[in-house]
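Visitor: Structure incoming, see below.
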Amino acid sequence: MIRAINRKLLRDLWHIRGQALAIALVIASGVAIFVMSLSTYSSLDLTSRTYFDRSRFGDVFAQLQRAPDSLTTRIREIPGVSQVQTRIVKEVTLDVPGLPEPATGRLISLPKTNETSLNALFLRNGRFPEPYRRDEVLASEAFMLANELEPGDAISAVLNGKKQKLQIVGTVLSPEYIISLGGGSIIPDDRRFGVLWMDHESLSTVYDMDGAFNDVSLTLRREALLEETLQRLDLLLEPYGGFESYGREDQLSYAFLSDELSQLKATSMITPSIFLGVSVFLLNVVVARIISTQREQIAMLKAFGYSNRNILAHYLKLILLIVGIGIAVGILGGSVLGVSVTEMYAEFYRFPIIFFQLDVRVVVLGMALTLFFALSGTFRTVLSAAKLPPAEAMRPEPPAQFRATVMERLGFAALLSASARMILRQLERRPFKTALSAFGVSLAVAVMVLGRFSIDAITYIMEHQFSVTQRQDITVNLVEESHSGAFHELRNLPGVMHAEAFRQVPVRLRYRTLEKELSLTGIEPDGELFRIMNADAKPVPLPPEGVILSEKLAEILHVVPGDEIRVEVLDGERQTERLRVTSTISDFSGTNAYLSIDALRNFLGEGATLSGAYLQVDEREMNTLYKQLKETPRVSGVTVLSAARESFQKTVGENLLIMNLFNVIFGCVIAIGVVYNTARISLSERSRELATLRVIGFTRAEVSSILLGELAFVTLIAIPIGLLIGYGFSAFLSKALETDMYRIPLALQPYSFGFSAVVIMLAALVSGLIVRRKVDHFDLIAVLKSRD
């Protein structure tokens, strides 16, 4: 008896194979994204935690101007401190073979015993520098690969005012630079920013830092209190020009990775939820239709002794078979996608080894969630079939009740063809089903919009950053603050058409009990090269007094325009002042504070000082300018905006195109799944009616137009709804992905809405053509003989 009902199960599955496949693909898409996202998250998280642990990555970091090595003993005596490592860190300008513009380098002294050091380096190839060899350095792997360098190659650097040739003897990875951000760029530019390591004694000799250090890292014991340790360390370093110390969570590279992991985890729940919701809807509709067409079979099964439990188990097994296929394909697809996404991350984050590992816990969780939603969404329908009394099951469902459509009642009947009236009547008879079908297609549209959201947001950020806000060609940073003479030199460099000075100083902003450390920037109030702009590209005037804060910074400090904040300078004479917040701006990166450069100079008690300048340059003189900047001793870094943009397009841009392709595929899967199932169910329900129309003289095209007209109506209703839902999803994601480091603007473009609509219409068209083939090949005699 069980074998017979199982044969019926397989026949039923084969009969609805097209619909079952469409549903399974929707389920597979959701499971694949879920498995890919969370397994990639798990792989990155495990890789990073293992690497940080084995490399003895620091828990606390601090920079200062100069302190004697004897201070190390006092730092080590801070309660809870486990290990201390001091070193020398300097910003330098690099001349790299094959690179026209100057690059920025960060030169770090190597510990005397690398085996026991904190932030231990991983030697990828080559060797460590020989002691006391000031011409030998190690270089970060990302910098080496981007510039096609090998151990044994040489570059030049300006060290303490003198240009020196450096031979690269080894390629290394560092836990502090799993992603390299430098030179004021908001995105990594591995070709133009490199980290170098030199023997400690050699570097200290070059910069007259014998017996001194300007950078310190600590590890803490488990019982240590981070905040207390930071306070004690700041007190020790303050007399030596110490800046605010910070924990691992605020270390730039670590914070960047942490934000990425948080965003990956957040997005792993949104899109899979859409797919699972659609699959539950489709399963419910398909199973309900199967049950309605098998009422007589259910009655006969009960007459032959099958219990309600047997009937319930029969239809649940049908659901489980479809869901099981979807889960299996989804796990396989998620693994393949996970490998691709992990390879994309490997281009950004430098670990000794990074690979995709399918997390069994994620697979089990994905299976459990899918089964739970699928069974909970269809159980009521299946249970009603199991409880159906045999006598009632033998009676066919009553036919739909005729009534005129709204259009006909409004007097537009004469304008409607017979086919149009049939379409409208069918849609109005079952408004709930029509609404659910439209909602399913609208979710496909929403997935497409959500996929385009990231591309539009990043494109808008880059356009805003490099064309609207920053309109300079080059940003030059100086080794230390300089007076007006340095500005005149920069302004008179070859090809410079216009220059604007800026002044930056590290500060701590306080408001009541809240505080935040950052760099306070003073710029020209009427500057044309660097302008303060809101996210909507509207300029914000810079007042002669007072400070402008980014909205994120104002949120952290809980201040509004009109409030006064306490500003404490963290270097030099450590002045303090109370400044009024004049306005806030919505920007996309960091926590920023701006004021007039003259106001900042007055606050610091300085003359016409500057930290660097924004330059507008004649393109014909670029190479000449580059050569001179490479030779200028007081320049610590140069940022070329066109180069930064090019770097973005070659890395982030290509990866976004790949991700957009995935979203197009997934959106089409939902659209085809919903439209195809809707069409097949309509065809199954109305096959006798459509066959009758063919017999009485309707052409194939006319009969097909009735069915396809319903699909077109549902699709056209769904598209605007889907665009609104997609906009809502994008707004939610924009807020959910917001961090102190980056904000993602809600900047969807009209093209994205049009693109999403067109792709879904094409997917619906393909589904409709597949169903039309079945209409064109009707066996009219067999259909008319069948009983409903």
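Residues in the structure tokens are named by chain (A, B, ... in the order shown) and by number from 1 within that chain; ligands are numbered from 1 in the order shown.
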Check the DSSP output for the backbone and give back, as a PyMOL selection string, the residues of stretch 424-576 of chain A in helix (DSSP H, G or I).
Guide: chain A and resi 424-429+431-469+484-491+551-557
Visitor: I need the residues from that last selection saved to file as a tab-separated table (two decimals), in the first residue's frame (with C-alpha atoms), if you can.
Guide:
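After the write, part.tsv holds the following:
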```tsv
chain	number	residue	atom	x	y	z
A	424	LEU	CA	-10.37	41.06	-16.31
A	425	ARG	CA	-13.09	38.69	-15.07
A	426	GLN	CA	-10.55	35.97	-14.27
A	427	LEU	CA	-8.38	38.45	-12.34
A	428	GLU	CA	-11.32	39.88	-10.41
A	429	ARG	CA	-12.73	36.45	-9.49
A	431	PRO	CA	-8.23	38.95	-6.24
A	432	PHE	CA	-6.20	37.32	-3.45
A	433	LYS	CA	-4.42	35.00	-5.85
A	434	THR	CA	-3.81	37.88	-8.27
A	435	ALA	CA	-2.38	39.98	-5.43
A	436	LEU	CA	-0.08	37.18	-4.28
A	437	SER	CA	1.18	36.58	-7.82
A	438	ALA	CA	1.85	40.29	-8.27
A	439	PHE	CA	3.61	40.40	-4.90
A	440	GLY	CA	5.84	37.48	-5.90
A	441	VAL	CA	6.91	39.21	-9.12
A	442	SER	CA	7.38	42.48	-7.22
A	443	LEU	CA	9.88	40.74	-4.95
A	444	ALA	CA	11.86	39.76	-8.05
A	445	VAL	CA	11.90	43.43	-9.06
A	446	ALA	CA	12.99	44.35	-5.52
A	447	VAL	CA	15.94	41.93	-5.70
A	448	MET	CA	17.05	43.57	-8.95
A	449	VAL	CA	16.80	47.05	-7.43
A	450	LEU	CA	18.71	45.88	-4.36
A	451	GLY	CA	21.45	44.52	-6.61
A	452	ARG	CA	21.77	47.84	-8.42
A	453	PHE	CA	21.77	49.78	-5.14
A	454	SER	CA	25.39	48.97	-4.28
A	455	ILE	CA	26.62	49.97	-7.75
A	456	ASP	CA	24.73	53.26	-7.69
A	457	ALA	CA	25.89	54.02	-4.15
A	458	ILE	CA	29.59	53.41	-4.85
A	459	THR	CA	29.43	55.29	-8.14
A	460	TYR	CA	27.77	58.22	-6.40
A	461	ILE	CA	30.37	58.21	-3.60
A	462	MET	CA	33.24	58.28	-6.08
A	463	GLU	CA	31.63	61.00	-8.16
A	464	HIS	CA	30.87	63.04	-5.04
A	465	GLN	CA	34.32	62.50	-3.58
A	466	PHE	CA	36.46	63.06	-6.66
A	467	SER	CA	34.43	65.50	-8.73
A	468	VAL	CA	32.16	67.48	-6.43
A	469	THR	CA	33.95	67.75	-3.08
A	484	SER	CA	54.03	80.36	4.37
A	485	GLY	CA	57.36	79.84	2.58
A	486	ALA	CA	56.48	76.19	1.98
A	487	PHE	CA	53.15	77.21	0.47
A	488	HIS	CA	54.87	79.61	-1.92
A	489	GLU	CA	57.22	76.80	-2.98
A	490	LEU	CA	54.30	74.46	-3.67
A	491	ARG	CA	52.41	77.15	-5.57
A	551	GLU	CA	26.36	64.02	10.87
A	552	LYS	CA	27.92	60.77	12.10
A	553	LEU	CA	30.27	62.65	14.43
A	554	ALA	CA	27.39	64.80	15.70
A	555	GLU	CA	25.42	61.61	16.34
A	556	ILE	CA	28.31	60.09	18.32
A	557	LEU	CA	28.70	63.23	20.45
```
Visitor: Fewer than 5 positions away in the same chain doesn't count, so skip those; otherwise give me all residues within 6 Å of stretch 27-34 of chain A, counting only C-alpha atoms, as a list in words.
Guide: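 Final neighbour list, sorted by chain and number: Ser268, Pro272, Phe275, Ser279, Gly326, Ile327, Val329, Gly330, Ile331, Gly333 and Gly334 of chain A.
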Visitor: Write out the residues from the selection above, keeping N, CA, C and O atoms, as a PDB file, in the first residue's frame.
Guide:
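Saved file part.pdb follows:
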```pdb
ATOM      1  N   SER A 268      23.509  38.768   4.683  1.00  0.00           N
ATOM      2  CA  SER A 268      23.253  37.334   4.535  1.00  0.00           C
ATOM      3  C   SER A 268      21.841  36.951   4.944  1.00  0.00           C
ATOM      4  O   SER A 268      21.407  35.826   4.674  1.00  0.00           O
ATOM      5  N   PRO A 272      18.242  36.171   1.263  1.00  0.00           N
ATOM      6  CA  PRO A 272      17.676  34.820   1.424  1.00  0.00           C
ATOM      7  C   PRO A 272      16.240  34.834   1.947  1.00  0.00           C
ATOM      8  O   PRO A 272      15.432  33.983   1.563  1.00  0.00           O
ATOM      9  N   PHE A 275      13.894  35.182  -1.001  1.00  0.00           N
ATOM     10  CA  PHE A 275      13.761  33.948  -1.776  1.00  0.00           C
ATOM     11  C   PHE A 275      12.936  32.910  -1.031  1.00  0.00           C
ATOM     12  O   PHE A 275      12.100  32.223  -1.633  1.00  0.00           O
ATOM     13  N   SER A 279       9.437  31.261  -2.273  1.00  0.00           N
ATOM     14  CA  SER A 279       9.316  29.808  -2.444  1.00  0.00           C
ATOM     15  C   SER A 279       8.153  29.247  -1.634  1.00  0.00           C
ATOM     16  O   SER A 279       7.451  28.345  -2.093  1.00  0.00           O
ATOM     17  N   GLY A 326      15.892  21.694  -3.990  1.00  0.00           N
ATOM     18  CA  GLY A 326      16.343  23.081  -3.896  1.00  0.00           C
ATOM     19  C   GLY A 326      17.488  23.246  -2.907  1.00  0.00           C
ATOM     20  O   GLY A 326      18.458  23.970  -3.185  1.00  0.00           O
ATOM     21  N   ILE A 327      17.398  22.590  -1.754  1.00  0.00           N
ATOM     22  CA  ILE A 327      18.449  22.693  -0.744  1.00  0.00           C
ATOM     23  C   ILE A 327      19.765  22.118  -1.276  1.00  0.00           C
ATOM     24  O   ILE A 327      20.837  22.719  -1.115  1.00  0.00           O
ATOM     25  N   VAL A 329      20.796  21.712  -4.423  1.00  0.00           N
ATOM     26  CA  VAL A 329      21.364  22.590  -5.448  1.00  0.00           C
ATOM     27  C   VAL A 329      21.897  23.879  -4.811  1.00  0.00           C
ATOM     28  O   VAL A 329      22.951  24.392  -5.194  1.00  0.00           O
ATOM     29  N   GLY A 330      21.167  24.391  -3.808  1.00  0.00           N
ATOM     30  CA  GLY A 330      21.583  25.618  -3.139  1.00  0.00           C
ATOM     31  C   GLY A 330      22.897  25.468  -2.400  1.00  0.00           C
ATOM     32  O   GLY A 330      23.753  26.361  -2.438  1.00  0.00           O
ATOM     33  N   ILE A 331      23.072  24.337  -1.727  1.00  0.00           N
ATOM     34  CA  ILE A 331      24.331  24.111  -1.006  1.00  0.00           C
ATOM     35  C   ILE A 331      25.498  24.028  -1.986  1.00  0.00           C
ATOM     36  O   ILE A 331      26.563  24.620  -1.763  1.00  0.00           O
ATOM     37  N   GLY A 333      25.553  25.311  -5.070  1.00  0.00           N
ATOM     38  CA  GLY A 333      25.742  26.650  -5.639  1.00  0.00           C
ATOM     39  C   GLY A 333      26.377  27.609  -4.654  1.00  0.00           C
ATOM     40  O   GLY A 333      27.226  28.431  -5.026  1.00  0.00           O
ATOM     41  N   GLY A 334      25.977  27.524  -3.379  1.00  0.00           N
ATOM     42  CA  GLY A 334      26.566  28.382  -2.357  1.00  0.00           C
ATOM     43  C   GLY A 334      28.046  28.138  -2.186  1.00  0.00           C
ATOM     44  O   GLY A 334      28.830  29.077  -1.965  1.00  0.00           O
TER      45      GLY A 334
END
```
Visitor: Check stretch 408-575 of chain A with DSSP on the backbone and list each residue it calls strand (DSSP E), as a compact mmCIF listing (two decimals) with N, CA, C and O atoms, in the first residue's frame.
Guide:
```txt
# COMPACT_ATOMS: atom_id res chain seq x y z
N ILE A 474 46.01 67.05 -7.32
CA ILE A 474 47.00 66.43 -6.43
C ILE A 474 46.85 67.01 -5.03
O ILE A 474 46.61 68.21 -4.86
N THR A 475 46.99 66.15 -4.02
CA THR A 475 47.08 66.59 -2.63
C THR A 475 48.49 66.30 -2.13
O THR A 475 48.95 65.15 -2.23
N VAL A 476 49.15 67.31 -1.62
CA VAL A 476 50.52 67.16 -1.12
C VAL A 476 50.50 67.30 0.39
O VAL A 476 50.00 68.30 0.93
N ASN A 477 51.02 66.31 1.10
CA ASN A 477 51.16 66.36 2.55
C ASN A 477 52.62 66.59 2.90
O ASN A 477 53.52 65.97 2.31
N LEU A 478 52.85 67.47 3.88
CA LEU A 478 54.22 67.80 4.29
C LEU A 478 54.63 66.98 5.51
O LEU A 478 53.78 66.49 6.26
N VAL A 479 55.94 66.83 5.69
CA VAL A 479 56.47 66.03 6.80
C VAL A 479 56.00 66.59 8.14
O VAL A 479 55.62 65.85 9.05
N GLU A 480 56.01 67.90 8.28
CA GLU A 480 55.55 68.56 9.50
C GLU A 480 54.95 69.90 9.11
O GLU A 480 55.12 70.37 7.98
N GLU A 481 54.28 70.51 10.09
CA GLU A 481 53.66 71.80 9.77
C GLU A 481 54.73 72.81 9.36
O GLU A 481 55.81 72.86 9.93
N SER A 482 54.40 73.59 8.32
CA SER A 482 55.37 74.53 7.77
C SER A 482 54.73 75.91 7.67
O SER A 482 53.51 76.06 7.80
N VAL A 496 51.70 74.04 -11.72
CA VAL A 496 50.66 74.35 -10.73
C VAL A 496 49.94 75.63 -11.13
O VAL A 496 50.55 76.69 -11.25
N MET A 497 48.65 75.50 -11.36
CA MET A 497 47.84 76.65 -11.77
C MET A 497 47.14 77.30 -10.58
O MET A 497 46.87 78.50 -10.59
N HIS A 498 46.82 76.50 -9.58
CA HIS A 498 46.13 77.05 -8.42
C HIS A 498 46.44 76.15 -7.23
O HIS A 498 46.56 74.93 -7.37
N ALA A 499 46.59 76.76 -6.06
CA ALA A 499 46.91 75.99 -4.85
C ALA A 499 46.12 76.54 -3.67
O ALA A 499 45.87 77.75 -3.58
N GLU A 500 45.70 75.63 -2.78
CA GLU A 500 45.00 76.02 -1.56
C GLU A 500 45.60 75.25 -0.39
O GLU A 500 45.74 74.02 -0.44
N ALA A 501 45.98 75.98 0.65
CA ALA A 501 46.61 75.37 1.81
C ALA A 501 45.55 74.74 2.72
O ALA A 501 44.39 75.17 2.74
N PHE A 502 45.96 73.74 3.48
CA PHE A 502 45.11 73.20 4.55
C PHE A 502 45.98 72.90 5.76
O PHE A 502 47.20 72.72 5.65
N ARG A 503 45.35 72.89 6.91
CA ARG A 503 46.05 72.62 8.18
C ARG A 503 45.27 71.55 8.93
O ARG A 503 44.05 71.63 9.07
N GLN A 504 45.97 70.52 9.35
CA GLN A 504 45.35 69.44 10.11
C GLN A 504 46.07 69.27 11.44
O GLN A 504 47.29 69.38 11.52
N VAL A 505 45.27 68.99 12.47
CA VAL A 505 45.84 68.80 13.80
C VAL A 505 45.02 67.74 14.53
O VAL A 505 43.79 67.73 14.44
N PRO A 506 45.68 66.82 15.24
CA PRO A 506 44.93 65.81 16.00
C PRO A 506 44.28 66.43 17.23
O PRO A 506 44.93 67.18 17.97
N VAL A 507 43.00 66.13 17.43
CA VAL A 507 42.27 66.73 18.55
C VAL A 507 41.37 65.69 19.21
O VAL A 507 41.11 64.64 18.66
N ARG A 508 40.94 66.05 20.41
CA ARG A 508 39.89 65.29 21.09
C ARG A 508 38.72 66.24 21.28
O ARG A 508 38.86 67.32 21.84
N LEU A 509 37.54 65.84 20.75
CA LEU A 509 36.33 66.64 20.91
C LEU A 509 35.53 66.08 22.08
O LEU A 509 35.31 64.86 22.16
N ARG A 510 35.09 66.96 22.97
CA ARG A 510 34.31 66.54 24.13
C ARG A 510 32.98 67.29 24.16
O ARG A 510 32.92 68.49 23.89
N TYR A 511 31.95 66.56 24.51
CA TYR A 511 30.65 67.17 24.79
C TYR A 511 30.03 66.41 25.96
O TYR A 511 29.69 65.22 25.82
N LEU A 514 30.78 62.62 26.57
CA LEU A 514 31.15 61.93 25.34
C LEU A 514 32.38 62.58 24.71
O LEU A 514 32.59 63.79 24.85
N GLU A 515 33.18 61.77 24.04
CA GLU A 515 34.39 62.30 23.40
C GLU A 515 34.73 61.49 22.17
O GLU A 515 34.29 60.35 22.00
N LYS A 516 35.52 62.10 21.29
CA LYS A 516 35.94 61.44 20.06
C LYS A 516 37.26 62.05 19.60
O LYS A 516 37.41 63.28 19.59
N GLU A 517 38.24 61.18 19.26
CA GLU A 517 39.52 61.66 18.76
C GLU A 517 39.52 61.61 17.23
O GLU A 517 39.07 60.62 16.64
N LEU A 518 40.02 62.67 16.61
CA LEU A 518 40.06 62.73 15.16
C LEU A 518 41.01 63.81 14.72
O LEU A 518 41.69 64.43 15.55
N SER A 519 41.06 64.05 13.43
CA SER A 519 41.90 65.10 12.87
C SER A 519 41.02 66.29 12.49
O SER A 519 40.10 66.14 11.68
N LEU A 520 41.29 67.44 13.09
CA LEU A 520 40.55 68.67 12.79
C LEU A 520 41.20 69.34 11.60
O LEU A 520 42.43 69.57 11.59
N THR A 521 40.41 69.65 10.57
CA THR A 521 40.95 70.17 9.32
C THR A 521 40.52 71.62 9.11
O THR A 521 39.33 71.95 9.16
N GLY A 522 41.51 72.45 8.86
CA GLY A 522 41.25 73.85 8.51
C GLY A 522 41.46 74.06 7.03
O GLY A 522 42.52 73.70 6.49
N ILE A 523 40.47 74.63 6.34
CA ILE A 523 40.57 74.84 4.89
C ILE A 523 40.20 76.28 4.56
O ILE A 523 39.66 77.02 5.39
N VAL A 547 32.70 75.47 14.08
CA VAL A 547 33.15 74.23 13.46
C VAL A 547 31.96 73.51 12.82
O VAL A 547 30.82 73.59 13.29
N ILE A 548 32.23 72.84 11.70
CA ILE A 548 31.23 72.03 11.01
C ILE A 548 31.57 70.56 11.25
O ILE A 548 32.72 70.15 11.06
N LEU A 549 30.59 69.79 11.66
CA LEU A 549 30.80 68.37 11.95
C LEU A 549 30.04 67.50 10.95
O LEU A 549 28.98 67.90 10.45
N SER A 550 30.57 66.32 10.70
CA SER A 550 29.80 65.34 9.93
C SER A 550 28.64 64.86 10.79
O SER A 550 28.72 64.85 12.02
N GLU A 564 28.00 73.95 22.05
CA GLU A 564 29.43 74.21 22.14
C GLU A 564 30.15 72.93 22.55
O GLU A 564 29.71 72.22 23.45
N ILE A 565 31.27 72.64 21.87
CA ILE A 565 32.07 71.47 22.21
C ILE A 565 33.45 71.92 22.65
O ILE A 565 33.93 73.00 22.28
N ARG A 566 34.09 71.10 23.47
CA ARG A 566 35.44 71.39 23.94
C ARG A 566 36.43 70.71 23.00
O ARG A 566 36.33 69.51 22.73
N VAL A 567 37.39 71.47 22.50
CA VAL A 567 38.39 70.96 21.57
C VAL A 567 39.75 70.95 22.28
O VAL A 567 40.23 72.00 22.73
N GLU A 568 40.35 69.77 22.39
CA GLU A 568 41.65 69.61 23.03
C GLU A 568 42.66 69.14 22.00
O GLU A 568 42.52 68.07 21.42
N VAL A 569 43.68 69.96 21.73
CA VAL A 569 44.73 69.59 20.78
C VAL A 569 45.61 68.53 21.41
O VAL A 569 45.97 68.61 22.59
```
Visitor: Name the residues in contact with A:Asp199 at a cut-off of 9 Å, using only C-alpha atoms, excluding same-chain residues fewer than 2 positions from it; report them as a PyMOL selection string.
Guide: chain A and resi 108-112+128-134+136-137+197+201-204
Visitor: Compile the contact shell of A:Gln231 as an MDAnalysis selection string: residues with an atom at most 10 Å away, counting only C-alpha atoms, same-chain residues fewer than 6 positions apart removed.
Guide: chainID A and resid 244:246
Visitor: Neighbours of A:Leu716 within 12 Å (only C-alpha atoms; same-chain residues fewer than 5 positions away dropped), as a PyMOL selection string?
Guide: chain A and resi 437-439+441-442+445+675+709-711+721-723+757-758+760-762+764-765
Visitor: Closest to A:Pro239 among A:Lys90, A:Arg49, A:Arg124, A:Arg574, using only C-alpha atoms?
Guide: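 Using only C-alpha atoms, A:Pro239 sits closest to A:Arg574.
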Visitor: Between atom CA of A:Arg350 and atom CA of A:Tyr51, what distance in Å does the model show, to one decimal?
Guide: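 The value is 10.5 Å.
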Visitor: Counting only C-alpha atoms, which of A:Asn147, A:Thr513, A:Thr73, A:Ser292 gets nearest to A:Ile681?
Guide: A:Ser292
Visitor: Fewer than 2 positions away in the same chain doesn't count, so skip those; otherwise give me all residues within 12 Å of A:Leu71, counting only C-alpha atoms, as JSON, numbers by chain.
Guide: {"A": [66, 67, 68, 69, 73, 74, 75, 76, 77, 78, 84, 85, 86, 211, 212, 213, 214, 215, 216, 233, 235, 236, 237, 238, 239, 240]}
Visitor: To one decimal place in Å, what is the distance between atom CA of A:Gln575 and atom CA of A:Phe603?
Guide: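 Pair atom CA of A:Gln575 / atom CA of A:Phe603 returns 7.8 Å.
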Visitor: When you count only C-alpha atoms, which of these residues is closest to A:Tyr306: A:Leu683, A:Lys387, A:Pro541, A:Gly170?
Guide: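 Counting only C-alpha atoms, the residue closest to A:Tyr306 is A:Lys387.
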Visitor: Find the distance between atom CA of A:Asn119 and atom CA of A:Ser48 and write it in Å to one decimal.
Guide: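 For atom CA of A:Asn119 relative to atom CA of A:Ser48, the distance reads 13.1 Å.
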Visitor: Hey, which of A:Val89, A:Ala24, A:Ala154, A:Val664 ends up closest to A:Gly105? Count only C-alpha atoms.
Guide: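 Of all the options, A:Val89 lies closest to A:Gly105.
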Visitor: Between A:Glu702, A:Asp12, A:Asp359, A:Glu141, which one has atoms that come closest to A:Gln297, using only C-alpha atoms?
Guide: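 The shortest atom-to-atom distance to A:Gln297 comes from A:Asp12.
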Visitor: Name the closest residue to A:Ala103 among the candidates A:Phe530, A:Tyr594, A:Phe193, A:Tyr626; distances are taken between atoms, counting only C-alpha atoms.
Guide: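 Of A:Phe530, A:Tyr594, A:Phe193, A:Tyr626, the one nearest A:Ala103 is A:Phe193, counting only C-alpha atoms.
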Visitor: Pick out the residues sitting within 6 Å of stretch 160-168 of chain A, and hand them over as a list in words; count only C-alpha atoms, and ignore anything fewer than 6 positions along from it in its own chain.
Guide: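 Those residues are Asp135, Glu136, Val137, Leu138, Pro151, Gly152, Asp153, Ala154, Tyr207 and Pro633 of chain A.
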